[in-house]
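Novice: You'll find run_8.csv just under this line, and it carries CSV, C-alpha atoms.
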chain,number,residue,atom,x,y,z
N,1,MET,CA,84.2,-0.9,41.3
N,2,ALA,CA,82.0,-2.5,43.9
N,3,LYS,CA,81.7,0.8,45.8
N,4,ARG,CA,80.5,2.5,42.6
N,5,MET,CA,77.8,-0.2,42.0
N,6,LEU,CA,76.6,0.0,45.5
N,7,LEU,CA,76.3,3.7,45.2
N,8,MET,CA,74.3,3.4,42.0
N,9,LEU,CA,71.9,0.9,43.6
N,10,PHE,CA,71.4,3.2,46.6
N,11,VAL,CA,70.6,6.1,44.4
N,12,ALA,CA,68.1,4.1,42.3
N,13,ALA,CA,66.4,2.7,45.4
N,14,LEU,CA,66.2,6.3,46.8
N,15,ALA,CA,64.5,7.5,43.6
N,16,ILE,CA,62.0,4.7,43.5
N,17,SER,CA,61.1,5.2,47.1
N,18,GLY,CA,60.6,8.9,46.5
N,19,LEU,CA,58.3,8.3,43.6
N,20,ALA,CA,56.3,5.7,45.5
N,21,TYR,CA,55.9,8.1,48.5
N,22,PHE,CA,54.8,10.9,46.2
N,23,LYS,CA,52.2,8.7,44.4
N,24,LEU,CA,50.9,7.4,47.8
N,25,LYS,CA,50.3,11.0,49.0
N,26,GLN,CA,48.5,11.8,45.7
N,27,VAL,CA,46.1,8.9,46.1
N,28,GLN,CA,45.5,9.6,49.8
N,29,ALA,CA,44.7,13.2,49.0
N,30,ALA,CA,42.3,12.2,46.2
N,31,VAL,CA,40.5,9.6,48.4
N,32,LYS,CA,40.3,12.0,51.3
N,33,GLY,CA,38.9,14.7,49.1
N,34,GLY,CA,36.4,12.3,47.4
N,35,ALA,CA,37.8,13.2,44.0
N,36,PHE,CA,39.2,9.8,43.1
N,37,THR,CA,37.0,8.0,40.5
N,38,PRO,CA,38.0,5.3,38.0
N,39,PRO,CA,38.1,6.6,34.4
N,40,PRO,CA,34.9,5.8,32.3
N,41,GLU,CA,35.0,3.0,29.8
N,42,ALA,CA,34.3,3.8,26.2
N,43,VAL,CA,31.3,1.9,24.8
N,44,THR,CA,28.7,2.1,22.1
N,45,THR,CA,25.0,1.9,22.7
N,46,VAL,CA,21.6,1.5,21.0
N,47,ILE,CA,18.1,2.5,22.2
N,48,ALA,CA,15.9,-0.6,22.6
N,49,ARG,CA,12.9,-0.7,20.3
N,50,GLN,CA,10.0,-3.1,20.2
N,51,GLU,CA,9.4,-5.1,17.0
N,52,THR,CA,7.2,-7.9,15.8
N,53,TRP,CA,9.1,-10.9,14.4
N,54,PRO,CA,7.4,-13.7,12.6
N,55,ALA,CA,8.1,-17.1,14.3
N,56,THR,CA,10.3,-18.4,11.6
N,57,LEU,CA,13.2,-20.9,11.5
N,58,ASN,CA,16.1,-20.2,9.2
N,59,VAL,CA,18.1,-23.3,8.1
N,60,VAL,CA,20.4,-24.3,5.3
N,61,GLY,CA,19.1,-26.7,2.7
N,62,THR,CA,20.4,-28.4,-0.4
N,63,ALA,CA,18.8,-28.4,-3.9
N,64,ALA,CA,18.2,-31.8,-5.5
N,65,ALA,CA,16.7,-32.8,-8.8
N,66,VAL,CA,13.3,-34.4,-8.9
N,67,HIS,CA,14.8,-36.7,-11.6
N,68,GLY,CA,18.5,-36.9,-11.8
N,69,VAL,CA,20.7,-39.7,-13.2
N,70,THR,CA,24.0,-40.4,-14.7
N,71,ILE,CA,23.4,-42.0,-18.1
N,72,ALA,CA,25.7,-45.0,-18.5
N,73,ALA,CA,26.3,-47.7,-21.1
N,74,ASP,CA,23.9,-50.6,-20.6
N,75,LEU,CA,26.1,-53.0,-22.6
N,76,PRO,CA,29.8,-53.0,-23.6
N,77,GLY,CA,30.6,-51.5,-27.0
N,78,THR,CA,32.4,-48.9,-29.0
N,79,VAL,CA,30.8,-45.4,-29.4
N,80,ASP,CA,29.6,-45.0,-33.0
N,81,GLN,CA,27.6,-41.8,-32.8
N,82,ILE,CA,27.2,-38.9,-30.3
N,83,ASN,CA,24.0,-36.9,-30.9
N,84,PHE,CA,24.2,-34.3,-28.1
N,85,GLU,CA,26.1,-31.4,-26.8
N,86,SER,CA,27.2,-30.8,-23.2
N,87,GLY,CA,24.8,-28.5,-21.2
N,88,LYS,CA,22.0,-28.7,-23.7
N,89,TRP,CA,18.3,-29.4,-23.1
N,90,VAL,CA,17.0,-32.8,-24.4
N,91,ASN,CA,13.5,-34.3,-24.5
N,92,GLN,CA,12.5,-37.7,-23.3
N,93,GLY,CA,13.3,-40.3,-25.9
N,94,ASP,CA,16.0,-38.3,-27.7
N,95,VAL,CA,18.9,-40.5,-28.9
N,96,LEU,CA,22.0,-39.5,-27.1
N,97,VAL,CA,24.6,-42.1,-28.0
N,98,THR,CA,24.7,-45.1,-30.4
N,99,LEU,CA,27.1,-47.9,-29.9
N,100,ASP,CA,28.5,-50.0,-32.8
N,101,THR,CA,26.0,-52.7,-33.6
N,102,ARG,CA,27.5,-54.2,-36.9
N,103,GLN,CA,28.1,-57.6,-35.3
N,104,GLU,CA,24.6,-57.7,-33.8
N,105,ARG,CA,23.0,-56.7,-37.1
N,106,ALA,CA,24.8,-59.5,-38.9
N,107,GLN,CA,23.6,-61.9,-36.2
N,108,LEU,CA,20.1,-60.5,-36.7
N,109,ALA,CA,20.2,-61.2,-40.5
N,110,SER,CA,21.2,-64.8,-39.8
N,111,MET,CA,18.4,-65.2,-37.2
N,112,GLU,CA,15.8,-63.7,-39.5
N,113,ALA,CA,16.8,-66.2,-42.2
N,114,GLN,CA,16.5,-69.0,-39.8
N,115,GLN,CA,13.1,-67.6,-38.7
N,116,GLU,CA,11.9,-67.6,-42.3
N,117,LEU,CA,13.0,-71.2,-42.8
N,118,ALA,CA,11.4,-72.3,-39.6
N,119,LYS,CA,8.1,-70.6,-40.6
N,120,VAL,CA,8.1,-72.3,-44.0
N,121,ASN,CA,8.7,-75.7,-42.4
N,122,TYR,CA,6.0,-75.1,-39.9
N,123,ASP,CA,3.5,-74.1,-42.6
N,124,ARG,CA,4.4,-77.3,-44.5
N,125,MET,CA,4.1,-79.5,-41.4
N,126,GLN,CA,0.7,-77.9,-40.6
N,127,ARG,CA,-0.7,-79.1,-43.9
N,128,LEU,CA,0.9,-82.6,-43.6
N,129,VAL,CA,-0.3,-83.2,-40.1
N,130,ALA,CA,-3.8,-82.3,-41.2
N,131,GLU,CA,-3.6,-84.9,-44.0
N,132,GLY,CA,-2.2,-87.5,-41.5
N,133,VAL,CA,1.1,-87.9,-43.4
N,134,ILE,CA,3.3,-87.0,-40.5
N,135,SER,CA,3.1,-87.6,-36.8
N,136,ARG,CA,2.0,-85.1,-34.2
N,137,MET,CA,5.5,-85.1,-32.7
N,138,ASP,CA,7.1,-83.9,-35.9
N,139,TYR,CA,4.5,-81.1,-36.1
N,140,ASP,CA,5.2,-80.0,-32.5
N,141,LYS,CA,8.9,-79.9,-33.2
N,142,ALA,CA,8.4,-77.7,-36.2
N,143,MET,CA,6.2,-75.3,-34.2
N,144,ALA,CA,8.9,-75.2,-31.4
N,145,ASP,CA,11.6,-74.4,-34.0
N,146,ARG,CA,9.6,-71.6,-35.3
N,147,LYS,CA,9.0,-70.0,-31.9
N,148,ALA,CA,12.7,-70.5,-30.9
N,149,SER,CA,13.8,-68.7,-34.1
N,150,GLU,CA,11.4,-65.8,-33.4
N,151,ALA,CA,12.7,-65.5,-29.8
N,152,ASN,CA,16.3,-65.5,-31.0
N,153,ALA,CA,15.6,-62.8,-33.5
N,154,ALA,CA,13.8,-60.7,-30.9
N,155,GLU,CA,16.7,-61.1,-28.5
N,156,ILE,CA,19.1,-59.7,-31.1
N,157,ARG,CA,16.8,-56.8,-31.8
N,158,ALA,CA,16.6,-56.0,-28.0
N,159,LEU,CA,20.5,-56.0,-27.9
N,160,ILE,CA,20.5,-53.5,-30.8
N,161,GLN,CA,18.0,-51.3,-29.1
N,162,ARG,CA,19.9,-51.4,-25.8
N,163,LYS,CA,23.0,-50.0,-27.6
N,164,THR,CA,20.9,-47.0,-28.7
N,165,ILE,CA,21.0,-44.9,-25.5
N,166,ARG,CA,18.1,-42.5,-25.2
N,167,ALA,CA,17.1,-39.7,-22.6
N,168,PRO,CA,14.9,-41.4,-20.0
N,169,PHE,CA,13.2,-38.0,-19.3
N,170,SER,CA,13.4,-34.3,-20.3
N,171,GLY,CA,16.1,-32.3,-18.7
N,172,VAL,CA,19.5,-30.5,-18.9
N,173,LEU,CA,22.6,-32.5,-19.8
N,174,GLY,CA,25.9,-32.2,-18.0
N,175,ILE,CA,29.5,-32.5,-19.3
N,176,ARG,CA,30.0,-35.3,-21.8
N,177,GLN,CA,32.3,-38.1,-20.4
N,178,ALA,CA,32.6,-40.3,-23.5
N,179,ASN,CA,34.3,-39.7,-26.8
N,180,LEU,CA,33.6,-41.0,-30.4
N,181,GLY,CA,35.3,-44.3,-30.9
N,182,GLN,CA,35.8,-45.0,-27.2
N,183,TYR,CA,35.2,-48.5,-25.9
N,184,LEU,CA,32.7,-48.4,-23.0
N,185,ALA,CA,32.3,-51.2,-20.5
N,186,ALA,CA,28.9,-51.9,-19.1
N,187,GLY,CA,28.2,-49.1,-16.5
N,188,ASN,CA,30.7,-46.6,-17.8
N,189,PRO,CA,29.2,-43.1,-17.4
N,190,ILE,CA,28.4,-41.0,-20.5
N,191,VAL,CA,26.7,-37.9,-19.2
N,192,SER,CA,24.5,-36.7,-16.3
N,193,LEU,CA,20.9,-35.6,-16.9
N,194,GLN,CA,19.0,-33.4,-14.4
N,195,SER,CA,15.4,-32.3,-14.4
N,196,LEU,CA,15.4,-28.7,-13.1
N,197,ASN,CA,11.8,-27.7,-13.0
N,198,PRO,CA,10.4,-28.4,-10.5
N,199,ILE,CA,13.2,-29.0,-8.1
N,200,TYR,CA,13.5,-30.4,-4.6
N,201,VAL,CA,15.0,-28.7,-1.6
N,202,ASN,CA,16.0,-30.9,1.3
N,203,PHE,CA,16.6,-29.5,4.8
N,204,SER,CA,16.5,-30.6,8.5
N,205,VAL,CA,14.6,-29.2,11.5
N,206,PRO,CA,14.9,-30.1,15.2
N,207,GLN,CA,12.7,-33.0,16.3
N,208,GLN,CA,10.6,-30.8,18.6
N,209,LEU,CA,9.4,-28.9,15.6
N,210,THR,CA,8.2,-32.0,13.8
N,211,THR,CA,4.6,-31.5,14.7
N,212,ARG,CA,4.6,-28.0,13.1
N,213,MET,CA,5.8,-29.4,9.8
N,214,GLN,CA,2.8,-30.4,7.8
N,215,ILE,CA,2.4,-31.5,4.2
N,216,GLY,CA,1.7,-28.4,2.1
N,217,HIS,CA,3.5,-26.1,4.5
N,218,THR,CA,4.9,-23.0,2.7
N,219,VAL,CA,8.7,-22.4,2.7
N,220,ARG,CA,10.7,-19.5,1.3
N,221,ILE,CA,14.0,-20.2,-0.5
N,222,THR,CA,16.8,-17.8,-1.2
N,223,ASN,CA,20.4,-18.0,-2.3
N,224,ASP,CA,23.3,-15.5,-1.7
N,225,ASP,CA,24.5,-16.0,-5.3
N,226,LEU,CA,21.0,-15.0,-6.6
N,227,PRO,CA,20.4,-11.6,-5.0
N,228,GLY,CA,16.9,-10.3,-5.3
N,229,LEU,CA,15.4,-13.7,-6.1
N,230,ALA,CA,13.2,-15.6,-3.7
N,231,PHE,CA,11.4,-18.9,-4.4
N,232,THR,CA,8.3,-20.2,-2.7
N,233,GLY,CA,7.9,-23.9,-2.2
N,234,ARG,CA,5.7,-26.4,-0.3
N,235,VAL,CA,6.6,-29.3,2.0
N,236,ASN,CA,5.8,-32.5,0.2
N,237,ALA,CA,7.4,-35.1,2.4
N,238,LEU,CA,8.8,-35.7,5.9
N,239,ASP,CA,11.3,-38.5,6.6
N,240,SER,CA,9.9,-41.4,8.6
N,241,VAL,CA,12.9,-41.4,11.1
N,242,VAL,CA,14.8,-38.9,13.2
N,243,ASP,CA,18.5,-38.8,12.7
N,244,PRO,CA,19.8,-40.3,16.0
N,245,ALA,CA,23.1,-38.4,15.7
N,246,THR,CA,21.6,-34.9,15.3
N,247,ARG,CA,18.0,-35.4,16.5
N,248,ASN,CA,16.9,-33.6,13.4
N,249,ILE,CA,14.3,-34.8,10.9
N,250,GLN,CA,14.7,-34.5,7.1
N,251,ILE,CA,12.1,-32.4,5.2
N,252,GLU,CA,11.6,-32.3,1.4
N,253,ALA,CA,10.0,-29.3,-0.3
N,254,THR,CA,9.1,-28.8,-4.0
N,255,LEU,CA,9.3,-25.5,-5.8
N,256,ASP,CA,9.0,-24.2,-9.3
N,257,ASN,CA,12.3,-23.4,-11.0
N,258,PRO,CA,11.3,-22.2,-14.5
N,259,GLN,CA,14.5,-20.5,-15.5
N,260,GLY,CA,16.7,-23.2,-14.0
N,261,LYS,CA,18.5,-20.8,-11.6
N,262,LEU,CA,18.7,-23.4,-8.9
N,263,ARG,CA,20.9,-26.3,-9.7
N,264,PRO,CA,21.1,-29.7,-7.9
N,265,GLY,CA,23.7,-29.6,-5.1
N,266,MET,CA,23.4,-25.8,-4.4
N,267,PHE,CA,23.2,-24.6,-0.8
N,268,VAL,CA,20.2,-22.5,-0.2
N,269,GLN,CA,18.6,-20.6,2.8
N,270,VAL,CA,15.3,-22.0,3.9
N,271,GLU,CA,12.8,-19.9,5.9
N,272,VAL,CA,10.1,-21.9,7.6
N,273,ASN,CA,7.2,-20.5,9.5
N,274,VAL,CA,7.0,-22.5,12.8
N,275,GLY,CA,4.3,-20.6,14.8
N,276,ASN,CA,2.6,-17.2,15.5
N,277,SER,CA,4.4,-13.8,15.4
N,278,GLN,CA,6.1,-12.6,18.6
N,279,SER,CA,7.0,-9.3,20.1
N,280,VAL,CA,10.8,-8.9,20.6
N,281,ILE,CA,13.5,-6.3,21.2
N,282,PRO,CA,16.2,-6.9,18.6
N,283,LEU,CA,19.7,-6.2,19.7
N,284,PRO,CA,23.1,-6.7,18.0
N,285,ALA,CA,24.6,-10.0,18.9
N,286,SER,CA,27.6,-8.2,20.3
N,287,ALA,CA,25.4,-6.7,23.0
N,288,ILE,CA,24.8,-10.1,24.6
N,289,SER,CA,27.1,-11.5,27.3
N,290,TYR,CA,26.7,-15.3,27.2
N,291,ALA,CA,27.3,-17.3,30.3
N,292,PRO,CA,26.4,-20.7,31.7
N,293,PHE,CA,24.3,-19.1,34.5
N,294,GLY,CA,22.4,-16.9,32.1
N,295,ASP,CA,22.6,-14.3,29.3
N,296,SER,CA,22.8,-10.7,30.1
N,297,VAL,CA,23.2,-7.1,28.8
N,298,TYR,CA,24.4,-3.9,30.3
N,299,VAL,CA,21.8,-1.1,30.6
N,300,VAL,CA,23.1,2.5,30.7
N,301,SER,CA,21.4,4.8,33.3
N,302,GLU,CA,22.2,7.8,35.6
N,303,MET,CA,23.9,6.7,38.8
N,304,GLN,CA,25.3,8.2,42.0
N,305,SER,CA,28.7,7.7,43.5
N,306,PRO,CA,29.1,7.1,47.3
N,307,ALA,CA,30.1,10.8,47.5
N,308,GLY,CA,26.7,11.8,45.9
N,309,GLN,CA,28.1,12.7,42.5
N,310,THR,CA,25.9,11.8,39.4
N,311,TYR,CA,27.5,9.9,36.6
N,312,ARG,CA,26.5,7.7,33.7
N,313,GLY,CA,27.0,4.1,34.6
N,314,VAL,CA,25.8,0.6,33.8
N,315,ARG,CA,23.9,-2.2,35.5
N,316,GLN,CA,23.9,-5.8,34.4
N,317,GLN,CA,20.5,-7.1,33.4
N,318,PHE,CA,19.7,-10.8,32.7
N,319,VAL,CA,17.6,-11.4,29.6
N,320,LYS,CA,15.7,-14.2,27.8
N,321,LEU,CA,16.6,-14.7,24.2
N,322,GLN,CA,14.5,-16.2,21.4
N,323,GLY,CA,15.4,-16.3,17.7
N,324,ALA,CA,17.9,-14.5,15.6
N,325,ARG,CA,17.9,-12.6,12.3
N,326,GLY,CA,21.1,-11.7,10.6
N,327,ASP,CA,23.2,-9.7,13.0
N,328,GLN,CA,20.4,-9.4,15.5
N,329,VAL,CA,19.2,-11.5,18.5
N,330,GLY,CA,15.7,-11.3,19.8
N,331,VAL,CA,15.2,-10.4,23.5
N,332,VAL,CA,11.7,-11.4,24.8
N,333,SER,CA,12.1,-10.4,28.5
N,334,GLY,CA,14.5,-8.5,30.9
N,335,ILE,CA,14.6,-5.1,29.2
N,336,ASN,CA,12.0,-2.5,28.1
N,337,ALA,CA,11.7,-0.4,25.0
N,338,GLY,CA,13.5,2.9,25.4
N,339,ASP,CA,16.4,1.4,27.5
N,340,GLU,CA,19.9,2.3,26.4
N,341,ILE,CA,21.8,-0.9,25.9
N,342,VAL,CA,25.6,-1.3,25.5
N,343,THR,CA,26.4,-2.9,22.2
N,344,SER,CA,30.2,-3.1,22.3
N,345,GLY,CA,32.8,-2.8,25.1
N,346,GLY,CA,30.7,-4.9,27.5
N,347,PHE,CA,33.5,-7.4,28.2
N,348,LYS,CA,35.3,-4.8,30.4
N,349,LEU,CA,32.3,-3.6,32.4
N,350,ARG,CA,30.9,-4.5,35.8
N,351,ASN,CA,27.9,-3.3,37.8
N,352,GLY,CA,28.1,0.4,38.5
N,353,ALA,CA,31.0,1.0,36.1
N,354,ALA,CA,31.2,4.5,34.6
N,355,VAL,CA,30.9,4.7,30.8
N,356,ALA,CA,31.5,7.2,28.1
N,357,VAL,CA,29.2,6.7,25.0
N,358,ASN,CA,30.8,7.1,21.6
N,359,ASN,CA,28.6,5.9,18.8
N,360,LYS,CA,30.7,7.1,15.8
N,361,ILE,CA,31.4,3.5,14.9
N,362,GLN,CA,28.6,1.0,15.6
N,363,PRO,CA,28.7,-2.8,15.5
N,364,ALA,CA,26.8,-4.7,12.8
N,365,ASN,CA,23.0,-4.5,13.4
N,366,ASN,CA,21.4,-5.6,10.2
N,367,PRO,CA,18.6,-8.2,10.1
N,368,ASN,CA,19.5,-9.0,6.4
N,369,PRO,CA,23.2,-8.6,6.1
N,370,LYS,CA,24.9,-9.0,2.7
N,371,PRO,CA,28.6,-9.8,3.3
N,372,GLU,CA,30.8,-8.6,0.4
N,373,ASP,CA,32.6,-11.9,0.3
N,374,ASN,CA,29.4,-13.9,-0.5
I'd like the structure from this file rewritten - as structure tokens, please.

Specialist:
Amino acid sequence: MAKRMLLMLFVAALAISGLAYFKLKQVQAAVKGGAFTPPPEAVTTVIARQETWPATLNVVGTAAAVHGVTIAADLPGTVDQINFESGKWVNQGDVLVTLDTRQERAQLASMEAQQELAKVNYDRMQRLVAEGVISRMDYDKAMADRKASEANAAEIRALIQRKTIRAPFSGVLGIRQANLGQYLAAGNPIVSLQSLNPIYVNFSVPQQLTTRMQIGHTVRITNDDLPGLAFTGRVNALDSVVDPATRNIQIEATLDNPQGKLRPGMFVQVEVNVGNSQSVIPLPASAISYAPFGDSVYVVSEMQSPAGQTYRGVRQQFVKLQGARGDQVGVVSGINAGDEIVTSGGFKLRNGAAVAVNNKIQPANNPNPKPEDN
């Protein structure tokens, strides 16, 4: 058994040695004849073209109502009437909810009776004091009783008014959170009310751009859920402090929203002009090789091998980037218009590497992409 295994090992070693010797001779012959070259790497490319980009900053903002509140019960009580429907428009002063005021109205009737009695007594005392029949002290007490009864009646009337809940401003109501006959404690929410036109958009910009943000500055607002719609607004306020965590400053813009398409809390895209237009060469983001020592691209050109043969190869070129739009990154220096730039497959390249260009399938290169999952 051992002899058979040794024989098998010997035969296997002999076969491997033979294959290695044959391959070595193959390589030596190829090197000697100058025919050995590494196979070209498959890449996609694009021809660099000069474009003019406006100096804009694209950030994410949040829509917020100019006036927005959650209407709540001011005083405790039982819901007696509900005079609105969820999601409807209401005008300022419209009665939304009335709480039960039977007890307060009974108290008001009692107070009004006391007020009438106090008025009669005061009128009588006024005549008597003029005739010198009563003292001035009795007259003063009658006058104080009359004023106290009037104040008590006014207090009850104010309580009744506070149990009639009205819209503080015109706007769109949210979902009703109270039901008929429900007991509400003071502060219990009833419904939200939002003023949608005009509407605020809040966004942040880096602190170094603060000086470029001026009151009245124009901004462009879009939303992926509202294709084809763009809103124009104006900056109306800058925060007084810079966020120490992010070093950004909060900006508030106001824009018209006549159809109520934008709702408070919605995310929006904000485009802000931050300077003059600049000339750039837009490239797909996949063309850029990012590194701590500098960003670079690979430029395709005709090269010569050590043996004098011509082939298509690449050279690594460092570039300066500025700005991005959709799938594209702006290159401001390092390459020229007309250069052929590798857009995919660059991770496997090196200086002088041979390439085979196949542009049947190109990477994303759209300045305004519209992902299907948005």

Novice: Nearest to Gly330 in chain N: which of N:Met137, N:Val272, N:Ile215, N:Ala287 is it, counting only C-alpha atoms?

Specialist: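 The closest residue to Gly330 in chain N is N:Ala287.
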
Novice: Could you check how far CA of Pro40 in chain N sits from CA of Val342 in chain N, in Å to one decimal?

Specialist: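 Computing the Euclidean distance for CA of Pro40 in chain N and CA of Val342 in chain N yields 13.5 Å.
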
Novice: From the options N:Pro189, N:Pro206, N:Pro227, N:Pro369, which residue's atoms come nearest to Ile175 in chain N, counting all atoms listed in the file?

Specialist: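 The closest residue to Ile175 in chain N is N:Pro189.
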
Novice: Measuring between only C-alpha atoms, which one of N:Gln317, N:Gln309, N:Thr222, N:Ser344 shows the shortest distance to Asn58 in chain N?

Specialist: N:Thr222

Novice: Excluding same-chain residues fewer than 4 positions from Thr52 in chain N, what lies within 12 Å of it counting all atoms listed in the file, as a PyMOL selection string?

Specialist: chain N and resi 56+276-282+323+330-332

Novice: Hey, what's within 12 Å of Ala73 in chain N if we count all atoms listed in the file and toss same-chain stuff fewer than 4 positions away? As a ChimeraX atom specification, please?

Specialist: /N:77-79,96-99,162-166,177-178,182-191

Novice: Choose the residue, out of N:Thr62, N:Thr211, N:Ser17, N:Gln92, that has the smallest atom-to-atom separation from Gly275 in chain N; count only C-alpha atoms.

Specialist: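 Nearest candidate to Gly275 in chain N out of N:Thr62, N:Thr211, N:Ser17, N:Gln92: N:Thr211.
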
Novice: Could you pull the residues within 10 Å of Ala151 in chain N, counting all atoms listed in the file, minus those fewer than 6 positions along the same chain, as a ChimeraX atom specification?

Specialist: /N:111,115,145,157

Novice: Go through N:Ala285, N:Val314, N:Val120, N:Val60 and flag the residue nearest Phe203 in chain N, using only C-alpha atoms for the distances.

Specialist: N:Val60

Novice: To one decimal place, how far is CA of Gly265 in chain N from CA of Gly87 in chain N in Å?

Specialist: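 Atom-to-atom, CA of Gly265 in chain N to CA of Gly87 in chain N, that is 16.2 Å.
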
Novice: Dump as a list in words all residues having an atom at most 10 Å from (29.7, -5.7, 31.0), computed in the file's coordinates with only C-alpha atoms.

Specialist: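 So the residues meeting the distance criterion are Val43, Ala287, Ile288, Ser289, Ser296, Val297, Tyr298, Val299, Val314, Arg315, Gln316, Gln317, Val342, Thr343, Ser344, Gly345, Gly346, Phe347, Lys348, Leu349, Arg350, Asn351, Gly352 and Ala353 of chain N.
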
Novice: Hey, which of N:Ser110, N:Thr70, N:Ser305, N:Asn179 ends up closest to Phe84 in chain N? Count all atoms listed in the file.

Specialist: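 Result for the nearest residue to Phe84 in chain N: N:Asn179.
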
Novice: For Ala64 in chain N, work out the shell of residues within 10 Å, counting only C-alpha atoms and skipping chain neighbours fewer than 6 positions away, then give it as number ranges by chain.

Specialist: N: 194-196, 198-202, 252, 254, 262-267

Novice: Save range 46-61 of chain N to disk from that block, N, CA and C atoms included, as an mmCIF file, in the first residue's frame.

Specialist:
data_model
loop_
_atom_site.group_PDB
_atom_site.id
_atom_site.type_symbol
_atom_site.label_atom_id
_atom_site.label_comp_id
_atom_site.auth_asym_id
_atom_site.auth_seq_id
_atom_site.Cartn_x
_atom_site.Cartn_y
_atom_site.Cartn_z
ATOM 1 N N VAL N 46 -15.289 58.712 -21.836
ATOM 2 C CA VAL N 46 -16.098 59.817 -22.306
ATOM 3 C C VAL N 46 -15.144 60.911 -22.780
ATOM 4 N N ILE N 47 -15.553 61.663 -23.785
ATOM 5 C CA ILE N 47 -14.749 62.775 -24.283
ATOM 6 C C ILE N 47 -15.069 64.019 -23.448
ATOM 7 N N ALA N 48 -14.038 64.619 -22.874
ATOM 8 C CA ALA N 48 -14.231 65.790 -22.012
ATOM 9 C C ALA N 48 -14.722 66.974 -22.831
ATOM 10 N N ARG N 49 -15.744 67.663 -22.285
ATOM 11 C CA ARG N 49 -16.298 68.850 -22.936
ATOM 12 C C ARG N 49 -16.425 69.981 -21.922
ATOM 13 N N GLN N 50 -16.125 71.176 -22.383
ATOM 14 C CA GLN N 50 -16.195 72.350 -21.511
ATOM 15 C C GLN N 50 -17.638 72.820 -21.394
ATOM 16 N N GLU N 51 -18.060 73.162 -20.158
ATOM 17 C CA GLU N 51 -19.388 73.710 -19.923
ATOM 18 C C GLU N 51 -19.282 74.856 -18.927
ATOM 19 N N THR N 52 -20.309 75.683 -18.910
ATOM 20 C CA THR N 52 -20.385 76.772 -17.930
ATOM 21 C C THR N 52 -21.443 76.430 -16.903
ATOM 22 N N TRP N 53 -21.007 76.321 -15.672
ATOM 23 C CA TRP N 53 -21.924 76.016 -14.579
ATOM 24 C C TRP N 53 -22.168 77.263 -13.744
ATOM 25 N N PRO N 54 -23.425 77.544 -13.391
ATOM 26 C CA PRO N 54 -23.657 78.629 -12.442
ATOM 27 C C PRO N 54 -23.122 78.226 -11.071
ATOM 28 N N ALA N 55 -22.590 79.202 -10.359
ATOM 29 C CA ALA N 55 -22.042 78.918 -9.026
ATOM 30 C C ALA N 55 -23.197 78.789 -8.051
ATOM 31 N N THR N 56 -23.737 77.578 -7.950
ATOM 32 C CA THR N 56 -24.887 77.333 -7.079
ATOM 33 C C THR N 56 -24.540 76.311 -6.018
ATOM 34 N N LEU N 57 -25.291 76.378 -4.938
ATOM 35 C CA LEU N 57 -25.162 75.421 -3.848
ATOM 36 C C LEU N 57 -26.490 74.701 -3.720
ATOM 37 N N ASN N 58 -26.451 73.377 -3.761
ATOM 38 C CA ASN N 58 -27.658 72.571 -3.615
ATOM 39 C C ASN N 58 -27.670 71.940 -2.231
ATOM 40 N N VAL N 59 -28.695 72.253 -1.467
ATOM 41 C CA VAL N 59 -28.825 71.733 -0.112
ATOM 42 C C VAL N 59 -30.249 71.233 0.095
ATOM 43 N N VAL N 60 -30.426 70.494 1.165
ATOM 44 C CA VAL N 60 -31.755 69.987 1.522
ATOM 45 C C VAL N 60 -32.366 70.922 2.558
ATOM 46 N N GLY N 61 -33.617 71.288 2.330
ATOM 47 C CA GLY N 61 -34.329 72.159 3.259
ATOM 48 C C GLY N 61 -35.611 71.502 3.747
#
